[in-house]
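Participant: Enclosed is the structure file data.cif (mmCIF, C-alpha atoms).
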data_structure
loop_
_atom_site.label_atom_id
_atom_site.label_comp_id
_atom_site.auth_asym_id
_atom_site.auth_seq_id
_atom_site.Cartn_x
_atom_site.Cartn_y
_atom_site.Cartn_z
CA MET A 1 -55.56 -7.66 -3.23
CA ILE A 2 -52.60 -9.50 -4.74
CA ASN A 3 -50.34 -11.41 -2.36
CA ILE A 4 -46.70 -10.70 -3.36
CA PRO A 5 -43.89 -12.88 -1.96
CA PRO A 6 -41.29 -10.95 0.15
CA ASN A 7 -38.51 -11.26 -2.47
CA LYS A 8 -40.55 -9.40 -5.09
CA LYS A 9 -41.25 -5.67 -5.14
CA THR A 10 -44.10 -3.66 -6.56
CA ILE A 11 -43.57 -0.67 -8.83
CA ARG A 12 -44.58 1.63 -5.97
CA GLU A 13 -41.92 0.09 -3.69
CA ILE A 14 -39.25 0.39 -6.38
CA ILE A 15 -40.15 4.03 -7.10
CA GLU A 16 -40.00 4.80 -3.37
CA GLN A 17 -36.58 3.14 -3.22
CA ILE A 18 -35.38 5.25 -6.18
CA GLU A 19 -36.61 8.42 -4.48
CA THR A 20 -34.85 7.67 -1.18
CA GLN A 21 -31.62 6.51 -2.83
CA LYS A 22 -31.21 9.41 -5.25
CA VAL A 23 -29.72 11.60 -2.51
CA THR A 24 -26.85 9.16 -1.94
CA LEU A 25 -26.53 7.82 -5.48
CA GLU A 26 -23.00 8.26 -6.72
CA TYR A 27 -21.61 7.75 -10.16
CA MET A 28 -17.96 7.11 -10.89
CA SER A 29 -16.59 9.15 -13.76
CA THR A 30 -14.61 7.06 -16.24
CA GLY A 31 -12.21 9.94 -16.89
CA PHE A 32 -13.30 9.91 -20.55
CA PRO A 33 -15.82 12.76 -21.00
CA GLN A 34 -17.56 11.27 -24.06
CA VAL A 35 -17.90 7.86 -22.38
CA ASP A 36 -19.38 9.57 -19.32
CA VAL A 37 -21.95 11.22 -21.60
CA TRP A 38 -22.86 7.85 -23.11
CA LEU A 39 -23.12 6.32 -19.63
CA ASP A 40 -25.21 9.20 -18.27
CA GLY A 41 -22.45 10.35 -15.93
CA GLY A 42 -20.23 7.31 -15.52
CA PHE A 43 -20.49 3.94 -13.83
CA PHE A 44 -23.14 3.42 -11.19
CA LYS A 45 -22.74 0.98 -8.34
CA LYS A 46 -24.54 -2.38 -8.30
CA GLU A 47 -23.69 -2.98 -11.96
CA LEU A 48 -21.76 -5.62 -13.82
CA VAL A 49 -20.13 -4.17 -16.93
CA VAL A 50 -18.63 -6.52 -19.50
CA LEU A 51 -16.00 -5.22 -21.88
CA GLY A 52 -15.31 -7.48 -24.83
CA GLY A 53 -13.31 -7.46 -28.01
CA ILE A 54 -10.72 -9.32 -30.02
CA SER A 55 -7.33 -10.16 -28.56
CA GLY A 56 -4.81 -7.32 -28.53
CA LEU A 57 -7.43 -4.58 -28.89
CA GLY A 58 -6.46 -2.87 -25.62
CA LYS A 59 -9.13 -4.09 -23.19
CA SER A 60 -6.64 -4.56 -20.33
CA TYR A 61 -5.08 -1.17 -21.03
CA LEU A 62 -8.53 0.46 -20.98
CA ALA A 63 -9.52 -1.41 -17.80
CA GLY A 64 -6.32 -0.26 -16.07
CA THR A 65 -6.89 3.34 -17.17
CA LEU A 66 -10.50 3.26 -15.96
CA THR A 67 -9.36 1.86 -12.61
CA TYR A 68 -6.72 4.58 -12.29
CA ASN A 69 -9.18 7.35 -13.21
CA ILE A 70 -11.80 6.13 -10.77
CA ALA A 71 -9.25 5.69 -7.95
CA ARG A 72 -8.09 9.28 -8.54
CA ASN A 73 -11.63 10.39 -7.70
CA GLY A 74 -11.38 8.79 -4.25
CA PHE A 75 -13.05 5.45 -4.90
CA LYS A 76 -11.55 2.23 -3.59
CA CYS A 77 -10.60 0.06 -6.57
CA ALA A 78 -9.29 -3.44 -7.19
CA TYR A 79 -7.80 -4.96 -10.31
CA PHE A 80 -7.81 -8.76 -10.47
CA SER A 81 -5.63 -9.89 -13.35
CA LEU A 82 -6.03 -13.46 -14.52
CA GLU A 83 -3.70 -12.95 -17.44
CA ILE A 84 -0.88 -10.42 -17.03
CA SER A 85 1.28 -9.60 -14.03
CA ASN A 86 0.80 -6.71 -11.64
CA GLU A 87 4.14 -5.38 -12.85
CA MET A 88 2.90 -5.20 -16.45
CA ILE A 89 -0.33 -3.46 -15.43
CA VAL A 90 1.50 -0.84 -13.37
CA SER A 91 4.15 -0.43 -16.09
CA ARG A 92 1.35 0.32 -18.53
CA LEU A 93 -0.12 2.89 -16.16
CA LEU A 94 3.27 4.51 -15.57
CA GLY A 95 3.85 4.51 -19.33
CA ALA A 96 0.50 6.11 -20.05
CA ILE A 97 1.03 8.84 -17.47
CA ALA A 98 4.64 9.50 -18.50
CA ASN A 99 4.06 8.93 -22.23
CA ILE A 100 6.76 6.22 -22.30
CA LYS A 101 6.48 2.68 -23.66
CA PRO A 102 5.83 0.27 -20.77
CA THR A 103 8.55 -2.11 -21.97
CA HIS A 104 11.08 0.74 -21.76
CA ILE A 105 10.01 1.37 -18.16
CA ARG A 106 10.29 -2.32 -17.23
CA MET A 107 13.67 -2.76 -18.95
CA GLY A 108 15.09 0.58 -17.75
CA PHE A 109 15.74 1.92 -21.25
CA LEU A 110 15.12 5.54 -20.30
CA ASN A 111 16.93 8.73 -21.20
CA PRO A 112 17.32 11.45 -18.52
CA GLN A 113 14.09 13.25 -19.51
CA GLN A 114 12.15 9.97 -19.45
CA GLN A 115 13.59 9.23 -15.99
CA ILE A 116 12.14 12.53 -14.78
CA GLU A 117 8.76 11.74 -16.38
CA LYS A 118 8.78 8.28 -14.82
CA ILE A 119 9.47 9.76 -11.36
CA LYS A 120 6.52 12.15 -11.79
CA ALA A 121 4.27 9.31 -12.98
CA LYS A 122 5.37 7.14 -10.06
CA ALA A 123 4.48 9.93 -7.61
CA ASP A 124 1.13 10.35 -9.34
CA LEU A 125 0.36 6.66 -8.82
CA GLU A 126 1.75 6.41 -5.29
CA ILE A 127 -0.43 9.28 -4.09
CA LEU A 128 -3.42 7.00 -4.63
CA GLY A 129 -2.28 4.96 -1.64
CA ASP A 130 -4.83 2.29 -0.77
CA ASN A 131 -7.40 3.52 -3.32
CA ILE A 132 -6.13 0.99 -5.83
CA VAL A 133 -4.85 -2.53 -5.23
CA PHE A 134 -3.76 -5.20 -7.68
CA TYR A 135 -4.07 -8.97 -7.55
CA ASP A 136 -2.42 -11.37 -10.00
CA ASN A 137 -2.49 -14.54 -7.93
CA LEU A 138 -6.20 -15.30 -7.44
CA TYR A 139 -7.85 -17.44 -10.09
CA THR A 140 -10.97 -18.97 -8.59
CA LEU A 141 -14.29 -17.18 -8.67
CA LYS A 142 -14.75 -17.98 -4.99
CA SER A 143 -11.40 -16.50 -3.89
CA ILE A 144 -12.00 -13.31 -5.89
CA MET A 145 -15.52 -12.92 -4.53
CA ASP A 146 -14.28 -13.50 -0.95
CA GLU A 147 -11.61 -10.81 -1.40
CA ILE A 148 -14.16 -8.36 -2.78
CA ARG A 149 -16.50 -8.98 0.16
CA ARG A 150 -13.64 -8.54 2.66
CA ASN A 151 -12.43 -5.22 1.27
CA LYS A 152 -15.59 -3.37 0.25
CA PHE A 153 -14.29 -2.01 -3.06
CA ASP A 154 -16.28 0.53 -5.09
CA PHE A 155 -14.92 -0.44 -8.52
CA ILE A 156 -13.53 -3.84 -9.46
CA VAL A 157 -11.93 -5.14 -12.62
CA VAL A 158 -11.73 -8.88 -13.24
CA ASP A 159 -9.44 -9.00 -16.25
CA PHE A 160 -9.74 -11.92 -18.58
CA ILE A 161 -12.80 -13.59 -17.14
CA GLN A 162 -12.25 -16.54 -19.50
CA ASN A 163 -9.44 -17.70 -17.20
CA LEU A 164 -11.65 -17.81 -14.09
CA ILE A 165 -11.73 -21.18 -12.40
CA VAL A 166 -15.30 -22.00 -11.45
CA GLU A 167 -15.83 -25.15 -9.39
CA ASN A 168 -17.74 -28.00 -11.06
CA LYS A 169 -17.91 -26.15 -14.40
CA GLU A 170 -15.61 -27.34 -17.15
CA LYS A 171 -17.34 -26.09 -20.29
CA GLU A 172 -16.45 -22.49 -21.10
CA TYR A 173 -20.06 -21.40 -21.66
CA ASP A 174 -21.13 -22.83 -18.29
CA ARG A 175 -18.17 -21.22 -16.48
CA LEU A 176 -18.70 -17.79 -18.05
CA SER A 177 -22.47 -17.86 -17.52
CA LEU A 178 -22.14 -18.76 -13.86
CA ALA A 179 -19.30 -16.26 -13.34
CA ALA A 180 -21.33 -13.44 -14.90
CA LEU A 181 -24.39 -14.29 -12.81
CA GLU A 182 -22.41 -14.54 -9.55
CA LEU A 183 -20.51 -11.29 -10.23
CA GLN A 184 -23.76 -9.47 -11.03
CA LYS A 185 -25.28 -10.67 -7.76
CA LEU A 186 -22.09 -9.67 -5.93
CA ALA A 187 -22.13 -6.16 -7.44
CA LYS A 188 -25.59 -5.64 -5.97
CA GLU A 189 -24.66 -7.25 -2.65
CA VAL A 190 -21.53 -5.15 -2.03
CA ASN A 191 -22.77 -1.97 -3.75
CA ALA A 192 -19.96 -1.84 -6.31
CA THR A 193 -19.34 -1.73 -10.03
CA ILE A 194 -17.64 -4.85 -11.32
#
Would you put the structure from the file into structure tokens?
Facilitator:
Amino acid sequence: MINIPPNKKTIREIIEQIETQKVTLEYMSTGFPQVDVWLDGGFFKKELVVLGGISGLGKSYLAGTLTYNIARNGFKCAYFSLEISNEMIVSRLLGAIANIKPTHIRMGFLNPQQQIEKIKAKADLEILGDNIVFYDNLYTLKSIMDEIRRNKFDFIVVDFIQNLIVENKEKEYDRLSLAALELQKLAKEVNATI
């Protein structure tokens, strides 16, 4: 008989775990039907998902839309922005819902019909209540992880991971590698998608 240390699991143990968890396993629909098909239903908890692309491609816009869609389905979400302000993120969401340019919303350049659409969009967002919260003032990996542990979120966005401050890591590769590893471990620990 093989002696297996306690932190390792056999195939039999993992299969048993899958069988007992499948009753409570929940996926979070992205709100994009084709993406949900590709993801086999949506995002599953205990995962770290990395979205990458060139600057200005719309990653933050997509992340905000995903957060909004998932919060609408009753999941508790957090958006940690290390780049743009909370006001810009919410302006983008309002703009997407109301079909108005976010800069027009922020500057108040709205005609009467757009005012009505903005009011409807605002109500649509406000009904989410505490299901979605935004942070634009936390920059260290530790402070973000502490906040996630405290609040038990289901879905978390850390926007612009390159700006994360990681103690004792100055080289970008080292910072990003450690951040990815720590966030992956945290996703499993708190049963969330990050």
Participant: Given the choices A:Glu147, A:Glu16, A:Glu182, A:Asp154, which gets closest to Lys76 in chain A if the distance is worked out from all atoms listed in the file?
Facilitator: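 Residue with the minimum atom-to-atom distance to Lys76 in chain A: A:Asp154.
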Participant: Just say which residues the PyMOL selection byres ((chain A and resi 132-141) around 7) picks in this file, as a PDB file with C-alpha atoms, keeping the file's coordinate frame.
Facilitator:
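And here is the file that came out, result24.pdb:
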ATOM      1  CA  ALA A  71      -9.250   5.690  -7.950  1.00  0.00           C
ATOM      2  CA  LYS A  76     -11.550   2.230  -3.590  1.00  0.00           C
ATOM      3  CA  CYS A  77     -10.600   0.060  -6.570  1.00  0.00           C
ATOM      4  CA  ALA A  78      -9.290  -3.440  -7.190  1.00  0.00           C
ATOM      5  CA  TYR A  79      -7.800  -4.960 -10.310  1.00  0.00           C
ATOM      6  CA  PHE A  80      -7.810  -8.760 -10.470  1.00  0.00           C
ATOM      7  CA  SER A  81      -5.630  -9.890 -13.350  1.00  0.00           C
ATOM      8  CA  LEU A  82      -6.030 -13.460 -14.520  1.00  0.00           C
ATOM      9  CA  SER A  85       1.280  -9.600 -14.030  1.00  0.00           C
ATOM     10  CA  ASN A  86       0.800  -6.710 -11.640  1.00  0.00           C
ATOM     11  CA  LEU A 128      -3.420   7.000  -4.630  1.00  0.00           C
ATOM     12  CA  GLY A 129      -2.280   4.960  -1.640  1.00  0.00           C
ATOM     13  CA  ASP A 130      -4.830   2.290  -0.770  1.00  0.00           C
ATOM     14  CA  ASN A 131      -7.400   3.520  -3.320  1.00  0.00           C
ATOM     15  CA  LYS A 142     -14.750 -17.980  -4.990  1.00  0.00           C
ATOM     16  CA  SER A 143     -11.400 -16.500  -3.890  1.00  0.00           C
ATOM     17  CA  ILE A 144     -12.000 -13.310  -5.890  1.00  0.00           C
ATOM     18  CA  MET A 145     -15.520 -12.920  -4.530  1.00  0.00           C
ATOM     19  CA  LEU A 164     -11.650 -17.810 -14.090  1.00  0.00           C
ATOM     20  CA  ILE A 165     -11.730 -21.180 -12.400  1.00  0.00           C
ATOM     21  CA  VAL A 166     -15.300 -22.000 -11.450  1.00  0.00           C
ATOM     22  CA  ALA A 179     -19.300 -16.260 -13.340  1.00  0.00           C
TER      23      ALA A 179
END
Participant: For a test of reading the model, state the distance in Å between CA of Lys152 in chain A and CA of Lys46 in chain A, rounded to one decimal.
Facilitator: 12.4 Å
Participant: Decode the PyMOL selection byres ((chain A and resi 88) around 12) for the given file into explicit residues and return them as a list in words.
Facilitator: Ser60, Tyr61, Gly64, Ser81, Glu83, Ile84, Ser85, Asn86, Glu87, Ile89, Val90, Ser91, Arg92, Leu93, Leu94, Gly95, Lys101, Pro102, Thr103, His104, Ile105, Arg106, Met107, Phe134, Tyr135 and Asp136 of chain A
Participant: Using all atoms listed in the file, which of the listed residues (A:Gln184, A:Gln162, A:Asn99, A:Thr30) sits closest to Val49 in chain A?
Facilitator: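 When distances to Val49 in chain A are compared using all atoms listed in the file, the smallest one comes from A:Gln184.
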Participant: Counting only C-alpha atoms, which of A:Glu47, A:Asp40, A:Asp174, A:Glu13 gets nearest to Ile194 in chain A?
Facilitator: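 Looking at the shortest contact to Ile194 in chain A, the residue is A:Glu47.
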Participant: Select, counting only C-alpha atoms, all protein, DNA and RNA residues no farther than 10 Å from (12.2, 8.1, -18.2) in file coordinates, and express the selection as number ranges by chain.
Facilitator: A: 94-95, 98-101, 104-105, 108-121
Participant: What lies within 12 Å of Gly41 in chain A using all atoms listed in the file, ignoring chain neighbours under 3 positions off, as a count of residues only?
Facilitator: 15
Participant: Tell me which of A:Leu176, A:Ala123, A:Val157, A:Leu39 sits closest to Leu66 in chain A, counting only C-alpha atoms.
Facilitator: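 Looking at the shortest contact to Leu66 in chain A, the residue is A:Val157.
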Participant: Quick one: axis-aligned box around all listed atoms of range 44-62 of chain A, 6 Å on every side, centre and edge lengths in Å to one decimal, written as JSON.
Facilitator:
{"center_x": -14.7, "center_y": -3.4, "center_z": -19.2, "size_x": 31.7, "size_y": 25.6, "size_z": 33.7}
Participant: When distances are computed from all atoms listed in the file, which of A:Lys188, A:Phe160, A:Lys169, A:Thr193 shows the smallest separation from Gly58 in chain A?
Facilitator: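 With all atoms listed in the file as the atom set, the closest residue is A:Phe160.
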Participant: What is the distance between CA of Leu62 in chain A and CA of Phe75 in chain A, in Å to one decimal?
Facilitator: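 Interatomic distance, CA of Leu62 in chain A to CA of Phe75 in chain A: 17.4 Å.
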Participant: Using CA of Asn7 in chain A and CA of Glu19 in chain A as the two end points, give the distance in Å to one decimal.
Facilitator: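 Computed distance, CA of Asn7 in chain A to CA of Glu19 in chain A, equals 19.9 Å.
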